[in-house]
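Asker: mmCIF, N, CA and C atoms, saved as target35.cif, coming up:
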```cif
data_coords
loop_
_atom_site.label_atom_id
_atom_site.label_comp_id
_atom_site.auth_asym_id
_atom_site.auth_seq_id
_atom_site.Cartn_x
_atom_site.Cartn_y
_atom_site.Cartn_z
N MET A 12 -15.15 -24.69 94.67
CA MET A 12 -15.46 -26.05 95.08
C MET A 12 -14.34 -26.55 95.97
N LEU A 13 -14.66 -27.29 97.00
CA LEU A 13 -13.65 -27.85 97.89
C LEU A 13 -12.95 -28.99 97.19
N LEU A 14 -11.63 -28.93 97.14
CA LEU A 14 -10.87 -29.93 96.42
C LEU A 14 -10.89 -31.28 97.12
N SER A 15 -10.90 -31.29 98.44
CA SER A 15 -10.78 -32.54 99.18
C SER A 15 -12.11 -33.18 99.51
N GLY A 16 -13.21 -32.48 99.28
CA GLY A 16 -14.50 -33.01 99.69
C GLY A 16 -14.74 -32.83 101.18
N THR A 17 -13.85 -32.14 101.86
CA THR A 17 -14.01 -31.88 103.29
C THR A 17 -15.20 -30.95 103.50
N PRO A 18 -16.12 -31.32 104.38
CA PRO A 18 -17.30 -30.47 104.60
C PRO A 18 -16.92 -29.07 105.07
N PRO A 19 -17.57 -28.04 104.54
CA PRO A 19 -17.28 -26.67 104.98
C PRO A 19 -17.41 -26.49 106.49
N THR A 20 -18.37 -27.19 107.09
CA THR A 20 -18.54 -27.05 108.54
C THR A 20 -17.31 -27.51 109.29
N MET A 21 -16.66 -28.55 108.81
CA MET A 21 -15.45 -29.05 109.47
C MET A 21 -14.34 -28.01 109.37
N LEU A 22 -14.15 -27.46 108.17
CA LEU A 22 -13.11 -26.45 108.00
C LEU A 22 -13.43 -25.20 108.80
N SER A 23 -14.71 -24.83 108.85
CA SER A 23 -15.12 -23.65 109.61
C SER A 23 -14.83 -23.81 111.09
N LEU A 24 -15.19 -24.95 111.65
CA LEU A 24 -14.97 -25.19 113.07
C LEU A 24 -13.48 -25.30 113.37
N TRP A 25 -12.74 -25.90 112.46
CA TRP A 25 -11.29 -26.03 112.62
C TRP A 25 -10.64 -24.64 112.69
N TYR A 26 -11.03 -23.77 111.78
CA TYR A 26 -10.47 -22.41 111.76
C TYR A 26 -10.90 -21.63 113.01
N LEU A 27 -12.15 -21.79 113.39
CA LEU A 27 -12.65 -21.13 114.59
C LEU A 27 -11.90 -21.61 115.82
N ALA A 28 -11.72 -22.90 115.95
CA ALA A 28 -11.00 -23.45 117.10
C ALA A 28 -9.56 -22.94 117.14
N ALA A 29 -8.91 -22.90 115.98
CA ALA A 29 -7.52 -22.44 115.93
C ALA A 29 -7.41 -20.97 116.33
N CYS A 30 -8.41 -20.18 116.00
CA CYS A 30 -8.37 -18.75 116.31
C CYS A 30 -8.78 -18.46 117.75
N LEU A 31 -9.71 -19.21 118.30
CA LEU A 31 -10.31 -18.84 119.58
C LEU A 31 -10.14 -19.84 120.72
N ALA A 32 -10.06 -21.12 120.41
CA ALA A 32 -10.14 -22.13 121.47
C ALA A 32 -8.81 -22.33 122.19
N GLU A 33 -8.93 -22.66 123.44
CA GLU A 33 -7.78 -22.98 124.28
C GLU A 33 -7.90 -24.44 124.71
N ARG A 34 -6.84 -24.97 125.30
CA ARG A 34 -6.91 -26.35 125.81
C ARG A 34 -8.09 -26.49 126.76
N GLY A 35 -8.80 -27.58 126.64
CA GLY A 35 -9.94 -27.82 127.51
C GLY A 35 -11.25 -27.29 126.95
N ASP A 36 -11.18 -26.47 125.89
CA ASP A 36 -12.42 -25.99 125.27
C ASP A 36 -13.06 -27.12 124.48
N ARG A 37 -14.35 -27.03 124.27
CA ARG A 37 -15.14 -28.07 123.62
C ARG A 37 -15.67 -27.56 122.29
N LEU A 38 -15.63 -28.43 121.29
CA LEU A 38 -16.13 -28.09 119.96
C LEU A 38 -17.56 -28.58 119.83
N GLU A 39 -18.37 -27.83 119.10
CA GLU A 39 -19.79 -28.14 118.93
C GLU A 39 -20.23 -27.85 117.52
N TYR A 40 -21.09 -28.69 116.98
CA TYR A 40 -21.71 -28.40 115.68
C TYR A 40 -23.17 -28.79 115.75
N ARG A 41 -24.03 -27.80 115.61
CA ARG A 41 -25.48 -28.01 115.52
C ARG A 41 -25.94 -27.20 114.33
N HIS A 42 -26.20 -27.88 113.24
CA HIS A 42 -26.50 -27.22 111.98
C HIS A 42 -27.52 -26.09 112.18
N PRO A 43 -27.25 -24.88 111.68
CA PRO A 43 -26.11 -24.46 110.86
C PRO A 43 -24.99 -23.80 111.66
N LEU A 44 -24.94 -23.99 112.97
CA LEU A 44 -23.96 -23.30 113.79
C LEU A 44 -22.82 -24.22 114.22
N VAL A 45 -21.62 -23.66 114.22
CA VAL A 45 -20.47 -24.32 114.83
C VAL A 45 -20.00 -23.42 115.95
N ALA A 46 -19.52 -24.01 117.03
CA ALA A 46 -19.17 -23.20 118.19
C ALA A 46 -18.03 -23.81 118.98
N VAL A 47 -17.39 -22.97 119.79
CA VAL A 47 -16.38 -23.39 120.75
C VAL A 47 -16.88 -22.96 122.12
N ARG A 48 -16.96 -23.91 123.05
CA ARG A 48 -17.37 -23.61 124.43
C ARG A 48 -16.18 -23.82 125.36
N ASN A 49 -16.04 -22.92 126.33
CA ASN A 49 -14.95 -23.07 127.29
C ASN A 49 -15.35 -24.04 128.40
N VAL A 50 -14.46 -24.23 129.37
CA VAL A 50 -14.72 -25.19 130.44
C VAL A 50 -15.91 -24.79 131.30
N ASN A 51 -16.30 -23.53 131.26
CA ASN A 51 -17.47 -23.06 132.01
C ASN A 51 -18.75 -23.13 131.19
N ASN A 52 -18.68 -23.79 130.03
CA ASN A 52 -19.81 -23.98 129.14
C ASN A 52 -20.29 -22.69 128.47
N VAL A 53 -19.43 -21.68 128.42
CA VAL A 53 -19.75 -20.41 127.78
C VAL A 53 -19.23 -20.44 126.35
N VAL A 54 -20.06 -20.03 125.39
CA VAL A 54 -19.61 -19.98 123.99
C VAL A 54 -18.62 -18.83 123.83
N VAL A 55 -17.39 -19.18 123.43
CA VAL A 55 -16.37 -18.15 123.21
C VAL A 55 -16.27 -17.77 121.74
N GLY A 56 -16.87 -18.56 120.86
CA GLY A 56 -16.88 -18.23 119.45
C GLY A 56 -17.86 -19.10 118.71
N GLY A 57 -18.47 -18.54 117.69
CA GLY A 57 -19.41 -19.31 116.90
C GLY A 57 -19.47 -18.83 115.48
N LEU A 58 -19.78 -19.73 114.57
CA LEU A 58 -19.93 -19.38 113.16
C LEU A 58 -21.25 -19.94 112.66
N ASP A 59 -21.91 -19.18 111.83
CA ASP A 59 -23.14 -19.60 111.18
C ASP A 59 -22.77 -20.00 109.75
N VAL A 60 -22.85 -21.28 109.44
CA VAL A 60 -22.50 -21.74 108.11
C VAL A 60 -23.66 -21.42 107.19
N VAL A 61 -23.40 -20.59 106.19
CA VAL A 61 -24.46 -20.11 105.33
C VAL A 61 -24.13 -20.35 103.86
N ARG A 62 -25.18 -20.34 103.05
CA ARG A 62 -25.04 -20.42 101.59
C ARG A 62 -25.80 -19.25 100.99
N GLY A 63 -25.32 -18.70 99.92
CA GLY A 63 -25.99 -17.57 99.30
C GLY A 63 -25.04 -16.40 99.15
N GLU A 64 -25.57 -15.21 99.24
CA GLU A 64 -24.78 -14.00 99.06
C GLU A 64 -23.81 -13.80 100.23
N PRO A 65 -22.52 -13.58 99.95
CA PRO A 65 -21.58 -13.44 101.07
C PRO A 65 -21.77 -12.12 101.82
N ALA A 66 -21.65 -12.19 103.12
CA ALA A 66 -21.71 -10.98 103.95
C ALA A 66 -20.37 -10.26 103.86
N ALA A 67 -20.37 -8.97 104.11
CA ALA A 67 -19.13 -8.20 104.08
C ALA A 67 -18.14 -8.70 105.13
N SER A 68 -18.66 -9.29 106.20
CA SER A 68 -17.82 -9.78 107.28
C SER A 68 -17.48 -11.26 107.12
N ALA A 69 -17.44 -11.75 105.87
CA ALA A 69 -17.16 -13.17 105.65
C ALA A 69 -15.87 -13.58 106.34
N VAL A 70 -15.91 -14.69 107.00
CA VAL A 70 -14.73 -15.21 107.68
C VAL A 70 -13.98 -16.16 106.78
N ILE A 71 -14.70 -17.06 106.14
CA ILE A 71 -14.07 -18.01 105.23
C ILE A 71 -14.69 -17.82 103.86
N ARG A 72 -13.84 -17.57 102.87
CA ARG A 72 -14.34 -17.30 101.52
C ARG A 72 -14.00 -18.47 100.62
N GLY A 73 -14.94 -18.84 99.77
CA GLY A 73 -14.67 -19.92 98.84
C GLY A 73 -15.67 -19.90 97.71
N ASP A 74 -15.65 -20.92 96.90
CA ASP A 74 -16.57 -21.03 95.78
C ASP A 74 -17.85 -21.70 96.25
N GLY A 75 -18.90 -20.91 96.48
CA GLY A 75 -20.19 -21.47 96.82
C GLY A 75 -20.47 -21.64 98.30
N TRP A 76 -19.50 -21.38 99.16
CA TRP A 76 -19.77 -21.47 100.59
C TRP A 76 -18.82 -20.55 101.35
N TRP A 77 -19.19 -20.18 102.53
CA TRP A 77 -18.37 -19.39 103.44
C TRP A 77 -19.09 -19.36 104.77
N SER A 78 -18.46 -18.76 105.72
CA SER A 78 -19.08 -18.62 107.04
C SER A 78 -19.02 -17.17 107.44
N ARG A 79 -19.91 -16.78 108.33
CA ARG A 79 -19.88 -15.40 108.83
C ARG A 79 -19.97 -15.45 110.34
N PRO A 80 -19.49 -14.43 111.02
CA PRO A 80 -19.56 -14.45 112.47
C PRO A 80 -21.00 -14.42 112.96
N VAL A 81 -21.24 -15.12 114.04
CA VAL A 81 -22.53 -15.04 114.71
C VAL A 81 -22.49 -13.78 115.57
N LEU A 82 -23.53 -12.97 115.49
CA LEU A 82 -23.54 -11.71 116.23
C LEU A 82 -23.35 -11.97 117.72
N GLY A 83 -22.55 -11.12 118.34
CA GLY A 83 -22.37 -11.20 119.78
C GLY A 83 -21.30 -12.16 120.22
N THR A 84 -20.50 -12.69 119.30
CA THR A 84 -19.43 -13.60 119.70
C THR A 84 -18.08 -13.02 119.34
N ALA A 85 -17.05 -13.61 119.88
CA ALA A 85 -15.68 -13.18 119.60
C ALA A 85 -15.27 -13.48 118.17
N ALA A 86 -16.07 -14.27 117.45
CA ALA A 86 -15.72 -14.63 116.08
C ALA A 86 -15.69 -13.43 115.16
N ALA A 87 -16.29 -12.33 115.56
CA ALA A 87 -16.33 -11.14 114.71
C ALA A 87 -14.93 -10.61 114.41
N GLY A 88 -13.97 -10.92 115.24
CA GLY A 88 -12.61 -10.42 115.03
C GLY A 88 -11.72 -11.32 114.20
N ILE A 89 -12.25 -12.43 113.71
CA ILE A 89 -11.43 -13.37 112.95
C ILE A 89 -11.27 -12.86 111.52
N PRO A 90 -10.03 -12.78 111.03
CA PRO A 90 -9.82 -12.28 109.67
C PRO A 90 -10.25 -13.29 108.60
N PRO A 91 -10.62 -12.79 107.42
CA PRO A 91 -11.01 -13.70 106.33
C PRO A 91 -9.86 -14.59 105.89
N VAL A 92 -10.18 -15.78 105.44
CA VAL A 92 -9.19 -16.70 104.87
C VAL A 92 -9.86 -17.43 103.72
N GLU A 93 -9.10 -17.74 102.71
CA GLU A 93 -9.66 -18.41 101.53
C GLU A 93 -9.89 -19.90 101.79
N ALA A 94 -10.97 -20.43 101.24
CA ALA A 94 -11.30 -21.84 101.40
C ALA A 94 -10.18 -22.74 100.87
N ARG A 95 -9.58 -22.37 99.74
CA ARG A 95 -8.53 -23.23 99.17
C ARG A 95 -7.33 -23.32 100.10
N VAL A 96 -7.05 -22.24 100.84
CA VAL A 96 -5.94 -22.25 101.79
C VAL A 96 -6.24 -23.21 102.93
N LEU A 97 -7.44 -23.11 103.50
CA LEU A 97 -7.81 -24.01 104.59
C LEU A 97 -7.83 -25.46 104.11
N THR A 98 -8.36 -25.68 102.90
CA THR A 98 -8.44 -27.03 102.36
C THR A 98 -7.04 -27.62 102.20
N GLY A 99 -6.11 -26.81 101.69
CA GLY A 99 -4.73 -27.28 101.51
C GLY A 99 -4.05 -27.58 102.83
N LEU A 100 -4.24 -26.71 103.82
CA LEU A 100 -3.65 -26.94 105.13
C LEU A 100 -4.26 -28.18 105.79
N TRP A 101 -5.58 -28.33 105.66
CA TRP A 101 -6.25 -29.50 106.23
C TRP A 101 -5.65 -30.78 105.65
N ALA A 102 -5.48 -30.81 104.33
CA ALA A 102 -4.92 -32.00 103.66
C ALA A 102 -3.51 -32.29 104.15
N SER A 103 -2.71 -31.25 104.36
CA SER A 103 -1.32 -31.48 104.78
C SER A 103 -1.18 -31.77 106.27
N PHE A 104 -2.13 -31.31 107.09
CA PHE A 104 -2.04 -31.51 108.53
C PHE A 104 -2.80 -32.73 109.03
N GLN A 105 -3.79 -33.20 108.28
CA GLN A 105 -4.69 -34.24 108.75
C GLN A 105 -3.93 -35.48 109.24
N GLY A 106 -4.15 -35.82 110.50
CA GLY A 106 -3.54 -36.99 111.10
C GLY A 106 -2.08 -36.86 111.46
N LYS A 107 -1.52 -35.66 111.37
CA LYS A 107 -0.08 -35.50 111.60
C LYS A 107 0.27 -34.74 112.87
N ALA A 108 -0.72 -34.26 113.61
CA ALA A 108 -0.45 -33.44 114.80
C ALA A 108 0.43 -34.18 115.80
N ALA A 109 0.10 -35.42 116.10
CA ALA A 109 0.86 -36.19 117.08
C ALA A 109 2.28 -36.46 116.59
N ALA A 110 2.42 -36.82 115.31
CA ALA A 110 3.75 -37.12 114.77
C ALA A 110 4.64 -35.88 114.76
N VAL A 111 4.07 -34.74 114.38
CA VAL A 111 4.85 -33.50 114.36
C VAL A 111 5.23 -33.08 115.78
N ALA A 112 4.35 -33.32 116.73
CA ALA A 112 4.63 -32.96 118.13
C ALA A 112 5.82 -33.74 118.68
N LEU A 113 6.08 -34.92 118.14
CA LEU A 113 7.19 -35.75 118.62
C LEU A 113 8.53 -35.37 117.99
N LEU A 114 8.51 -34.53 116.96
CA LEU A 114 9.76 -34.11 116.31
C LEU A 114 10.55 -33.19 117.22
N PRO A 115 11.87 -33.14 117.02
CA PRO A 115 12.65 -32.13 117.75
C PRO A 115 12.12 -30.74 117.41
N ALA A 116 12.26 -29.81 118.34
CA ALA A 116 11.68 -28.47 118.20
C ALA A 116 12.04 -27.80 116.88
N ASP A 117 13.31 -27.86 116.47
CA ASP A 117 13.71 -27.17 115.24
C ASP A 117 13.01 -27.75 114.01
N LEU A 118 12.86 -29.07 113.95
CA LEU A 118 12.15 -29.68 112.82
C LEU A 118 10.66 -29.38 112.88
N ARG A 119 10.09 -29.40 114.09
CA ARG A 119 8.66 -29.10 114.25
C ARG A 119 8.37 -27.68 113.77
N PHE A 120 9.18 -26.72 114.21
CA PHE A 120 8.98 -25.33 113.80
C PHE A 120 9.20 -25.15 112.31
N ALA A 121 10.17 -25.87 111.74
CA ALA A 121 10.43 -25.77 110.30
C ALA A 121 9.23 -26.27 109.49
N ARG A 122 8.61 -27.38 109.94
CA ARG A 122 7.42 -27.90 109.25
C ARG A 122 6.26 -26.91 109.30
N VAL A 123 6.04 -26.36 110.48
CA VAL A 123 4.93 -25.41 110.65
C VAL A 123 5.20 -24.15 109.84
N GLU A 124 6.43 -23.64 109.88
CA GLU A 124 6.77 -22.43 109.13
C GLU A 124 6.66 -22.65 107.63
N ALA A 125 7.04 -23.83 107.14
CA ALA A 125 6.91 -24.13 105.71
C ALA A 125 5.43 -24.15 105.29
N ALA A 126 4.59 -24.76 106.11
CA ALA A 126 3.15 -24.79 105.81
C ALA A 126 2.58 -23.38 105.84
N ALA A 127 3.00 -22.58 106.81
CA ALA A 127 2.51 -21.20 106.93
C ALA A 127 2.93 -20.38 105.72
N ALA A 128 4.18 -20.54 105.29
CA ALA A 128 4.67 -19.79 104.13
C ALA A 128 3.89 -20.17 102.88
N TRP A 129 3.64 -21.47 102.69
CA TRP A 129 2.88 -21.92 101.53
C TRP A 129 1.48 -21.31 101.54
N ALA A 130 0.85 -21.27 102.71
CA ALA A 130 -0.54 -20.81 102.81
C ALA A 130 -0.67 -19.30 102.92
N GLY A 131 0.43 -18.62 103.23
CA GLY A 131 0.37 -17.17 103.41
C GLY A 131 -0.31 -16.77 104.70
N VAL A 132 -0.16 -17.61 105.74
CA VAL A 132 -0.71 -17.29 107.05
C VAL A 132 0.44 -17.21 108.05
N SER A 133 0.16 -16.72 109.24
CA SER A 133 1.22 -16.61 110.24
C SER A 133 1.59 -18.01 110.76
N PRO A 134 2.86 -18.20 111.14
CA PRO A 134 3.25 -19.49 111.72
C PRO A 134 2.45 -19.82 112.99
N THR A 135 2.07 -18.79 113.74
CA THR A 135 1.27 -19.04 114.94
C THR A 135 -0.07 -19.66 114.58
N LEU A 136 -0.75 -19.10 113.57
CA LEU A 136 -2.03 -19.66 113.13
C LEU A 136 -1.83 -21.07 112.59
N ALA A 137 -0.79 -21.28 111.79
CA ALA A 137 -0.54 -22.62 111.24
C ALA A 137 -0.30 -23.62 112.36
N GLY A 138 0.44 -23.23 113.39
CA GLY A 138 0.68 -24.12 114.52
C GLY A 138 -0.60 -24.45 115.27
N ARG A 139 -1.46 -23.45 115.44
CA ARG A 139 -2.74 -23.69 116.12
C ARG A 139 -3.65 -24.58 115.27
N LEU A 140 -3.64 -24.37 113.96
CA LEU A 140 -4.42 -25.25 113.07
C LEU A 140 -3.92 -26.69 113.18
N LEU A 141 -2.61 -26.87 113.18
CA LEU A 141 -2.04 -28.21 113.32
C LEU A 141 -2.48 -28.84 114.65
N SER A 142 -2.39 -28.07 115.72
CA SER A 142 -2.73 -28.63 117.03
C SER A 142 -4.21 -28.99 117.17
N TRP A 143 -5.09 -28.32 116.42
CA TRP A 143 -6.53 -28.61 116.50
C TRP A 143 -7.01 -29.60 115.45
N SER A 144 -6.16 -29.97 114.49
CA SER A 144 -6.64 -30.80 113.37
C SER A 144 -7.17 -32.16 113.83
N ASP A 145 -6.46 -32.84 114.70
CA ASP A 145 -6.91 -34.16 115.13
C ASP A 145 -8.16 -34.07 116.00
N ALA A 146 -8.24 -33.04 116.86
CA ALA A 146 -9.42 -32.88 117.71
C ALA A 146 -10.68 -32.64 116.88
N VAL A 147 -10.55 -31.83 115.84
CA VAL A 147 -11.71 -31.54 114.98
C VAL A 147 -12.09 -32.79 114.18
N ALA A 148 -11.11 -33.52 113.66
CA ALA A 148 -11.41 -34.75 112.93
C ALA A 148 -12.12 -35.75 113.83
N GLU A 149 -11.67 -35.88 115.07
CA GLU A 149 -12.30 -36.79 116.02
C GLU A 149 -13.73 -36.35 116.34
N HIS A 150 -13.91 -35.05 116.50
CA HIS A 150 -15.24 -34.49 116.77
C HIS A 150 -16.23 -34.91 115.68
N PHE A 151 -15.82 -34.80 114.42
CA PHE A 151 -16.72 -35.12 113.32
C PHE A 151 -16.83 -36.61 113.05
N ARG A 152 -15.88 -37.40 113.54
CA ARG A 152 -16.01 -38.85 113.44
C ARG A 152 -17.15 -39.35 114.32
N ARG A 153 -17.39 -38.63 115.42
CA ARG A 153 -18.39 -39.06 116.39
C ARG A 153 -19.81 -38.59 116.07
N GLN A 154 -19.98 -37.74 115.09
CA GLN A 154 -21.33 -37.25 114.77
C GLN A 154 -21.47 -37.01 113.28
N PRO A 155 -22.68 -37.10 112.76
CA PRO A 155 -22.89 -36.86 111.33
C PRO A 155 -22.69 -35.39 111.00
N VAL A 156 -22.24 -35.15 109.79
CA VAL A 156 -21.99 -33.79 109.33
C VAL A 156 -23.03 -33.41 108.28
N VAL A 157 -23.64 -32.24 108.46
CA VAL A 157 -24.58 -31.69 107.47
C VAL A 157 -23.89 -30.52 106.83
N GLY A 158 -23.94 -30.39 105.51
CA GLY A 158 -23.40 -29.21 104.84
C GLY A 158 -22.02 -29.41 104.40
#
```
The structure in this file should be written as structure tokens.
Answerer:
Amino acid sequence: MLLSGTPPTMLSLWYLAACLAERGDRLEYRHPLVAVRNVNNVVVGGLDVVRGEPAASAVIRGDGWWSRPVLGTAAAGIPPVEARVLTGLWASFQGKAAAVALLPADLRFARVEAAAAWAGVSPTLAGRLLSWSDAVAEHFRRQPVVG
């Protein structure tokens, strides 16, 4: 069960964006798919939010929900991550991207590295998750979330 009540689709798109999206890319959610489109409107990654039996290629694992790569997208190369890890990182990063960006470099890196160590993920991934957290929150503020 998600501890924060954060919709799985939000966490799925957040993780997808952190792994695949670059500046200028656009986030999309059309139930049951979440996607990242580049500036040329090409889908660079997508996830199908599913319920039921987990696929062997599960990207996000949790209690009762997960996501799997959509065939034919770059999402197939994304490694699995536990739902509780994403939920914990989301709770600690939510609304803090701008404030952390204003910190001196050594403090900024220390915060990201501490979060990465707690979650057992690479500092690079933790930094990308931090940088995408506000964009994903804003994306879901503007549209209703299903799932």
Asker: List the neighbours of segment 96-107 of chain A out to 8 Å using all atoms listed in the file; skip same-chain residues closer than 5 positions along the sequence, and give me the result as a list in words.
Answerer: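 The neighbour list is Leu13, Leu14, Ser15, Gly16, Thr17, Leu22, Tyr26, Arg72, Ala112, Leu113, Ala126, Trp129, Ala130, Gly131, Leu140, Leu141, Ser142, Ser144, Asp145 and Ala148 of chain A.
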Asker: Between atom CA of Trp143 of chain A and atom CA of Arg41 of chain A, what is the spacing in Å?
Answerer: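 Atom-to-atom, atom CA of Arg41 of chain A and atom CA of Trp143 of chain A are spaced 19.0 Å apart.
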Asker: Identify which of the residues A:Trp25, A:Gly138, A:Glu93, A:Val132 lies closest to Val111 of chain A, counting only C-alpha atoms when measuring atom-to-atom distances.
Answerer: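 Closest to Val111 of chain A of all the choices is A:Gly138.
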Asker: Quick one: 8 Å padding each side, axis-aligned, all listed atoms of segment 137-153 of chain A - centre and edge lengths in Å to one decimal, as JSON?
Answerer:
```
{"center_x": -9.6, "center_y": -30.3, "center_z": 114.5, "size_x": 36.5, "size_y": 34.1, "size_z": 22.5}
```
Asker: Rounded to one decimal in Å, what is the spacing between atom CA of Gly56 of chain A and atom N of Thr20 of chain A?
Answerer: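 Between atom CA of Gly56 of chain A and atom N of Thr20 of chain A the gap is 15.3 Å.
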Asker: State, in Å with one decimal place, the distance from atom CA of Ala94 of chain A to atom C of Val47 of chain A.
Answerer: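 Atom-to-atom, atom CA of Ala94 of chain A to atom C of Val47 of chain A, that is 21.5 Å.
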Asker: Between A:Arg95, A:Val123, A:Pro115, A:Val55, which residue has the minimum interatomic distance to Leu31 of chain A, considering all atoms listed in the file?
Answerer: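 Of A:Arg95, A:Val123, A:Pro115, A:Val55, the one nearest Leu31 of chain A, counting all atoms listed in the file, is A:Val55.
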Asker: Let me know the residues the PyMOL selection byres (((chain A and resi 37 and name CA) around 7) and name CA) catches in the file above, as a list in words.
Answerer: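 Here the PyMOL selection byres (((chain A and resi 37 and name CA) around 7) and name CA) matches Gly35, Asp36, Leu38, Glu39, Val47, Arg48 and Asn49 of chain A.
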Asker: So, counting only C-alpha atoms, which residue among A:Leu24, A:Val92, A:Ala110, A:Leu58 is closest to Arg122 of chain A?
Answerer: A:Ala110
